[in-house]
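Visitor: Pasting my_file_16.cif here (mmCIF, C-alpha atoms (C1' of nucleotides)):
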data_run
loop_
_atom_site.label_atom_id
_atom_site.label_comp_id
_atom_site.auth_asym_id
_atom_site.auth_seq_id
_atom_site.Cartn_x
_atom_site.Cartn_y
_atom_site.Cartn_z
CA MET A 223 -15.45 -25.04 2.04
CA ASP A 224 -14.01 -26.31 5.30
CA ARG A 225 -11.38 -24.35 7.11
CA GLN A 226 -8.52 -26.59 6.11
CA SER A 227 -9.08 -26.19 2.39
CA LEU A 228 -9.78 -22.48 2.84
CA GLU A 229 -6.46 -22.05 4.57
CA ALA A 230 -4.72 -24.12 1.94
CA SER A 231 -6.11 -21.83 -0.73
CA LEU A 232 -4.86 -18.81 1.20
CA GLY A 233 -1.35 -20.20 1.34
CA GLU A 234 1.11 -20.93 4.03
CA ALA A 235 0.86 -17.40 5.41
CA THR A 236 -2.41 -18.03 7.21
CA ARG A 237 -1.16 -21.13 8.98
CA ALA A 238 2.04 -19.34 9.90
CA ALA A 239 0.19 -16.31 11.26
CA ARG A 240 -1.65 -18.62 13.66
CA ALA A 241 1.43 -20.70 14.44
CA LEU A 242 3.50 -17.64 15.37
CA LEU A 243 1.06 -16.55 18.09
CA GLY A 244 2.54 -17.42 21.47
CA CYS A 245 6.06 -17.81 20.10
CA THR A 246 8.84 -15.70 21.56
CA LEU A 247 10.98 -13.18 19.71
CA VAL A 248 14.50 -12.94 21.10
CA ARG A 249 16.45 -9.81 20.25
CA THR A 250 20.15 -9.61 21.04
CA THR A 251 22.06 -6.32 20.70
CA PRO A 252 25.20 -4.94 22.38
CA ALA A 253 22.82 -3.32 24.88
CA GLY A 254 21.52 -6.71 25.99
CA LEU A 255 18.76 -9.26 25.58
CA ARG A 256 15.07 -8.62 24.97
CA ARG A 257 12.33 -11.24 24.82
CA ALA A 258 8.72 -10.73 23.79
CA ARG A 259 5.75 -13.03 23.13
CA ILE A 260 3.89 -12.58 19.86
CA VAL A 261 0.21 -11.81 20.56
CA GLU A 262 -1.06 -10.37 17.26
CA THR A 263 -0.29 -11.17 13.61
CA GLU A 264 -1.73 -10.61 10.15
CA ALA A 265 -1.45 -12.97 7.18
CA TYR A 266 -0.61 -11.58 3.75
CA PRO A 267 -0.93 -14.62 1.46
CA ALA A 268 0.33 -14.87 -2.12
CA GLY A 269 -2.33 -13.50 -4.46
CA ASP A 270 -3.78 -11.17 -1.81
CA PRO A 271 -4.06 -7.62 -3.22
CA ALA A 272 -3.10 -6.20 0.20
CA CYS A 273 0.16 -8.17 0.20
CA HIS A 274 3.22 -6.12 -0.70
CA ALA A 275 4.26 -8.92 -3.06
CA PHE A 276 1.03 -8.71 -5.07
CA ARG A 277 2.53 -6.71 -7.96
CA GLY A 278 5.62 -8.84 -8.23
CA GLU A 279 9.12 -8.78 -6.86
CA THR A 280 10.95 -5.46 -6.48
CA ARG A 281 14.07 -4.40 -4.63
CA ARG A 282 12.01 -3.36 -1.63
CA ASN A 283 9.86 -6.49 -1.22
CA ARG A 284 12.57 -8.96 -2.24
CA SER A 285 12.65 -10.60 1.20
CA LEU A 286 8.97 -11.54 0.98
CA PHE A 287 9.94 -13.89 -1.84
CA ALA A 288 12.73 -15.51 0.14
CA ARG A 289 12.53 -18.92 1.75
CA ARG A 290 10.31 -19.39 4.80
CA GLY A 291 11.73 -17.68 7.89
CA HIS A 292 13.49 -14.74 6.25
CA ILE A 293 12.28 -11.40 7.56
CA TYR A 294 10.93 -8.53 5.48
CA VAL A 295 11.50 -5.19 7.20
CA TYR A 296 10.23 -2.01 5.56
CA ARG A 297 9.39 1.58 6.44
CA ILE A 298 5.90 3.09 6.46
CA HIS A 299 5.89 6.86 7.11
CA ARG A 300 8.05 7.16 10.22
CA SER A 301 7.60 3.58 11.34
CA VAL A 302 9.31 0.29 10.59
CA CYS A 303 7.35 -2.96 10.31
CA LEU A 304 8.47 -6.57 10.76
CA ASN A 305 7.23 -9.44 8.62
CA VAL A 306 8.21 -13.08 8.35
CA ALA A 307 8.25 -14.65 4.87
CA THR A 308 6.33 -17.91 4.77
CA GLY A 309 6.39 -19.11 1.17
CA ARG A 310 8.65 -21.27 -0.87
CA PRO A 311 11.12 -19.27 -2.96
CA GLY A 312 9.20 -17.43 -5.65
CA TYR A 313 5.95 -17.22 -3.65
CA GLY A 314 5.74 -13.76 -2.12
CA GLU A 315 3.79 -14.03 1.10
CA GLY A 316 4.31 -13.40 4.76
CA VAL A 317 3.08 -12.53 8.22
CA LEU A 318 3.09 -9.05 9.74
CA ILE A 319 3.90 -9.02 13.45
CA ARG A 320 1.47 -6.47 14.89
CA ALA A 321 1.92 -6.68 18.67
CA VAL A 322 4.03 -8.45 21.28
CA GLU A 323 4.01 -8.83 25.05
CA PRO A 324 7.31 -7.86 26.73
CA VAL A 325 8.85 -10.75 28.66
CA GLU A 326 12.42 -9.70 29.38
CA GLY A 327 14.46 -6.53 28.89
CA VAL A 328 11.54 -4.18 29.49
CA ASP A 329 14.00 -1.48 30.57
CA LEU A 330 15.75 -1.71 27.19
CA MET A 331 12.41 -1.52 25.41
CA GLU A 332 11.40 1.56 27.38
CA ARG A 333 14.73 3.19 26.59
CA ALA A 334 14.47 2.40 22.88
CA ARG A 335 10.90 3.69 22.69
CA THR A 336 11.77 6.84 24.60
CA ARG A 337 14.76 7.48 22.33
CA ALA A 338 12.48 7.23 19.29
CA SER A 339 9.78 9.38 20.88
CA VAL A 340 11.75 12.48 21.85
CA GLY A 341 9.52 15.39 22.72
CA ARG A 342 6.52 13.14 23.21
CA GLN A 343 4.99 11.43 26.18
CA MET A 344 7.16 8.60 27.52
CA PRO A 345 5.76 5.26 26.35
CA SER A 346 5.09 2.61 29.01
CA GLY A 347 2.91 -0.39 29.76
CA VAL A 348 0.98 -1.83 26.83
CA ASN A 349 1.92 1.26 24.86
CA LEU A 350 5.45 -0.10 24.61
CA THR A 351 4.71 -2.77 21.98
CA ASN A 352 1.02 -2.72 20.97
CA GLY A 353 1.54 -1.84 17.33
CA PRO A 354 3.74 -2.94 14.42
CA GLY A 355 5.87 0.20 14.50
CA LYS A 356 6.02 0.34 18.27
CA LEU A 357 7.36 -3.19 18.63
CA CYS A 358 10.09 -2.48 16.10
CA GLN A 359 11.11 0.61 18.06
CA ALA A 360 11.07 -1.31 21.34
CA LEU A 361 13.20 -4.12 19.91
CA ASP A 362 15.48 -1.83 17.86
CA ILE A 363 14.51 -3.60 14.65
CA GLU A 364 15.88 -1.54 11.76
CA LEU A 365 15.87 -1.74 7.96
CA GLU A 366 19.34 -3.30 8.08
CA LEU A 367 17.77 -6.53 9.39
CA ASP A 368 15.75 -6.89 6.18
CA GLY A 369 16.47 -10.30 4.66
CA PHE A 370 17.80 -11.86 7.85
CA ASP A 371 17.10 -15.60 8.11
CA LEU A 372 15.30 -16.27 11.40
CA LEU A 373 15.31 -20.03 11.02
CA ALA A 374 19.06 -20.24 10.48
CA ALA A 375 19.65 -18.02 13.51
CA ARG A 376 21.37 -19.65 16.48
CA ASP A 377 21.92 -18.69 20.08
CA GLY A 378 23.26 -15.14 20.28
CA ALA A 379 21.98 -14.15 16.81
CA PRO A 380 20.53 -10.62 16.47
CA LEU A 381 17.00 -12.00 16.21
CA ARG A 382 15.51 -15.41 16.85
CA VAL A 383 12.06 -16.90 17.29
CA LEU A 384 11.47 -19.63 19.87
CA PRO A 385 8.58 -22.10 19.62
CA ARG A 386 5.64 -21.95 22.00
CA ARG A 387 4.72 -24.70 24.42
CA LEU A 388 0.93 -24.58 24.06
CA ALA A 389 -1.28 -23.32 21.25
CA PRO A 390 -3.06 -20.23 22.62
CA PRO A 391 -6.78 -19.46 22.10
CA ILE A 392 -7.05 -17.39 18.90
CA VAL A 393 -9.55 -14.86 17.61
CA ALA A 394 -9.64 -13.98 13.87
CA THR A 395 -10.69 -10.48 12.73
CA PRO A 396 -10.34 -8.25 9.66
CA ARG A 397 -6.92 -6.70 9.14
CA ILE A 398 -6.09 -3.14 10.14
CA GLY A 399 -4.93 -0.16 8.10
CA ILE A 400 -5.32 -1.59 4.59
CA SER A 401 -7.35 -0.24 1.67
CA VAL A 402 -8.20 -3.49 -0.15
CA ALA A 403 -9.40 -6.94 0.95
CA LYS A 404 -10.64 -5.35 4.15
CA ASN A 405 -13.12 -8.10 5.01
CA GLU A 406 -10.85 -11.13 5.03
CA LEU A 407 -10.42 -12.57 8.51
CA LEU A 408 -6.63 -12.63 8.36
CA ARG A 409 -5.74 -10.81 11.59
CA PHE A 410 -5.12 -13.17 14.48
CA VAL A 411 -4.99 -12.23 18.15
CA ILE A 412 -4.47 -14.24 21.32
CA ARG A 413 -7.89 -14.06 22.95
CA ASP A 414 -8.15 -11.50 25.77
CA SER A 415 -4.53 -10.43 25.45
CA ALA A 416 -4.07 -6.97 26.96
CA TRP A 417 -1.04 -6.47 24.72
CA ALA A 418 -2.85 -6.48 21.36
CA SER A 419 -3.15 -3.27 19.36
CA ARG A 420 -6.89 -2.76 19.80
"C1'" DA B 1097 14.51 13.90 -11.79
"C1'" DC B 1098 9.93 13.93 -9.85
"C1'" DG B 1099 5.44 12.87 -7.69
"C1'" DG B 1100 2.71 9.92 -5.09
"C1'" DA B 1101 1.57 6.34 -2.02
"C1'" DG B 1102 2.00 3.78 2.12
"C1'" DA B 1103 0.24 -3.11 6.37
"C1'" DT B 1104 1.69 3.96 11.28
"C1'" DG B 1105 1.98 6.65 15.51
"C1'" DG B 1106 1.15 10.49 18.25
"C1'" DA B 1107 -1.19 14.69 19.41
"C1'" DC B 1108 -5.25 16.86 19.44
"C1'" DT B 1109 -10.81 18.01 19.03
"C1'" DG C 494 -12.96 10.86 15.12
"C1'" DT C 495 -8.93 14.27 12.36
"C1'" DC C 496 -4.40 15.91 11.07
"C1'" DC C 497 0.26 15.38 9.73
"C1'" DA C 498 5.18 14.34 10.45
"C1'" DT C 499 8.81 12.54 7.37
"C1'" DC C 500 11.15 8.54 4.51
"C1'" DT C 501 11.73 5.01 1.12
"C1'" DC C 502 10.55 2.89 -2.86
"C1'" DC C 503 8.52 2.78 -7.26
"C1'" DG C 504 6.50 4.16 -11.63
"C1'" DT C 505 6.76 7.58 -14.80
"C1'" DT C 506 9.05 11.43 -17.26
#
What does this structure look like when you write it as structure tokens?

Guide:
Amino acid sequence: MDRQSLEASLGEATRAARALLGCTLVRTTPAGLRRARIVETEAYPAGDPACHAFRGETRRNRSLFARRGHIYVYRIHRSVCLNVATGRPGYGEGVLIRAVEPVEGVDLMERARTRASVGRQMPSGVNLTNGPGKLCQALDIELELDGFDLLAARDGAPLRVLPRRLAPPIVATPRIGISVAKNELLRFVIRDSAWASR
DNA sequence: ACGGAGATGGACT
DNA sequence: GTCCATCTCCGTT
């Protein structure tokens, strides 16, 4: 099977996970503006047992079934994770954003991470955003943003994604932290990025 | 009402 | 590598 038909069989999520690499997340809060480049993603296609939508739609995973571009934000232990839905309505699938590279508003990110890490070592450098929970802390992404439509967002919206100029070099690896479908190459990283999680 | 699981992060050995 | 903090949702009672 060639790569195109393989990706087609895995759904839109895989293409989107690659396409999001190099794009810029723009976060606007009363505190100011933060920008960060996406350097690591994971695809969770429809029909994948590791996908939160695998067992059908529930109140929690509702946003994964929304139209392409809606975000699915959920809590895991003490962390919050950010996903972008990629399917047509009724197809639960999406992309987990696993790491970003700070571009603007680093001071705000440091403050947000420090606030969320009271009593622990102050996060800095790559440690600011090199994990799915860390980037949500740094960008103040909370559960309230669950269901927000990224693609309808305009200038000044709480969260936007801006297209990249050039397609970056990409490395595919197995996904991290899951208990099923561990061997699928559905984690995508910008090659040699220092800002990836591992 | 209750128990368990979870796409994690941080501290520590 | 190991441990565990601490929360939400979900399936079952």

Visitor: Write out as a VMD selection string the residues lying within 10 Å of DC503 in chain C, counting only C-alpha atoms (C1' of nucleotides) and excluding same-chain residues fewer than 3 positions away.

Guide: (chain A and resid 280 to 282) or (chain B and resid 1100 to 1101)

Visitor: Using CA of Leu286 in chain A and CA of Val306 in chain A as the two end points, give the distance in Å to one decimal.

Guide: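 Straight-line distance from CA of Leu286 in chain A to CA of Val306 in chain A works out to 7.6 Å.
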
Visitor: Hey, list the chain A side of the contact with chain C: 8 Å cut-off, all atoms listed in the file, answer as a PyMOL selection string.

Guide: chain A and resi 282+297-300

Visitor: Take the PyMOL selection byres ((chain A) within 9 of (chain B)), apply it to the structure above, and return the hits as a ChimeraX atom specification.

Guide: /A:264,266,272-274,297-303,318,342-343,353-356,397-400

Visitor: Separation of CA of Pro311 in chain A and CA of Leu381 in chain A, in Å?

Guide: 21.3 Å

Visitor: Could you tell me which residues the PyMOL selection byres ((chain A and resi 245) around 9) grabs in this file, written as a VMD selection string?

Guide: chain A and resid 241 to 244 246 to 247 258 to 261 383 to 387

Visitor: Which residues, named as in the file, does the PyMOL selection byres ((chain A and resi 262) around 8) pick out? Answer as a PDB file with C-alpha atoms, keeping the file's coordinate frame.

Guide:
ATOM      1  CA  LEU A 243       1.060 -16.550  18.090  1.00  0.00           C
ATOM      2  CA  ILE A 260       3.890 -12.580  19.860  1.00  0.00           C
ATOM      3  CA  VAL A 261       0.210 -11.810  20.560  1.00  0.00           C
ATOM      4  CA  THR A 263      -0.290 -11.170  13.610  1.00  0.00           C
ATOM      5  CA  GLU A 264      -1.730 -10.610  10.150  1.00  0.00           C
ATOM      6  CA  ILE A 319       3.900  -9.020  13.450  1.00  0.00           C
ATOM      7  CA  ARG A 320       1.470  -6.470  14.890  1.00  0.00           C
ATOM      8  CA  ALA A 321       1.920  -6.680  18.670  1.00  0.00           C
ATOM      9  CA  VAL A 322       4.030  -8.450  21.280  1.00  0.00           C
ATOM     10  CA  ARG A 409      -5.740 -10.810  11.590  1.00  0.00           C
ATOM     11  CA  PHE A 410      -5.120 -13.170  14.480  1.00  0.00           C
ATOM     12  CA  VAL A 411      -4.990 -12.230  18.150  1.00  0.00           C
ATOM     13  CA  ILE A 412      -4.470 -14.240  21.320  1.00  0.00           C
ATOM     14  CA  ALA A 418      -2.850  -6.480  21.360  1.00  0.00           C
ATOM     15  CA  SER A 419      -3.150  -3.270  19.360  1.00  0.00           C
TER      16      SER A 419
END

Visitor: Between CA of Ala235 in chain A and CA of Val328 in chain A, what distance in Å does the model show, to one decimal?

Guide: 29.5 Å

Visitor: So, with only C-alpha atoms as the atoms that count, which of A:Pro267, A:Gly378, A:Pro345, A:Gly316 lies closest to Ala403 in chain A?

Guide: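 Answer, going by the shortest atom-to-atom distance: A:Pro267.
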
Visitor: Please, what is the axis-aligned box for every listed atom of range 1099-1106 of chain B with 6 Å on each side, as centre and edge lengths in Å to one decimal, as AutoDock Vina command-line options?

Guide:
--center_x 2.8 --center_y 4.9 --center_z 5.3 --size_x 17.2 --size_y 28.0 --size_z 37.9

Visitor: Of the residues A:Gly347, A:Gly269, A:Arg256, A:Arg376, which is the one nearest to Asp362 in chain A, using all atoms listed in the file?

Guide: A:Arg256
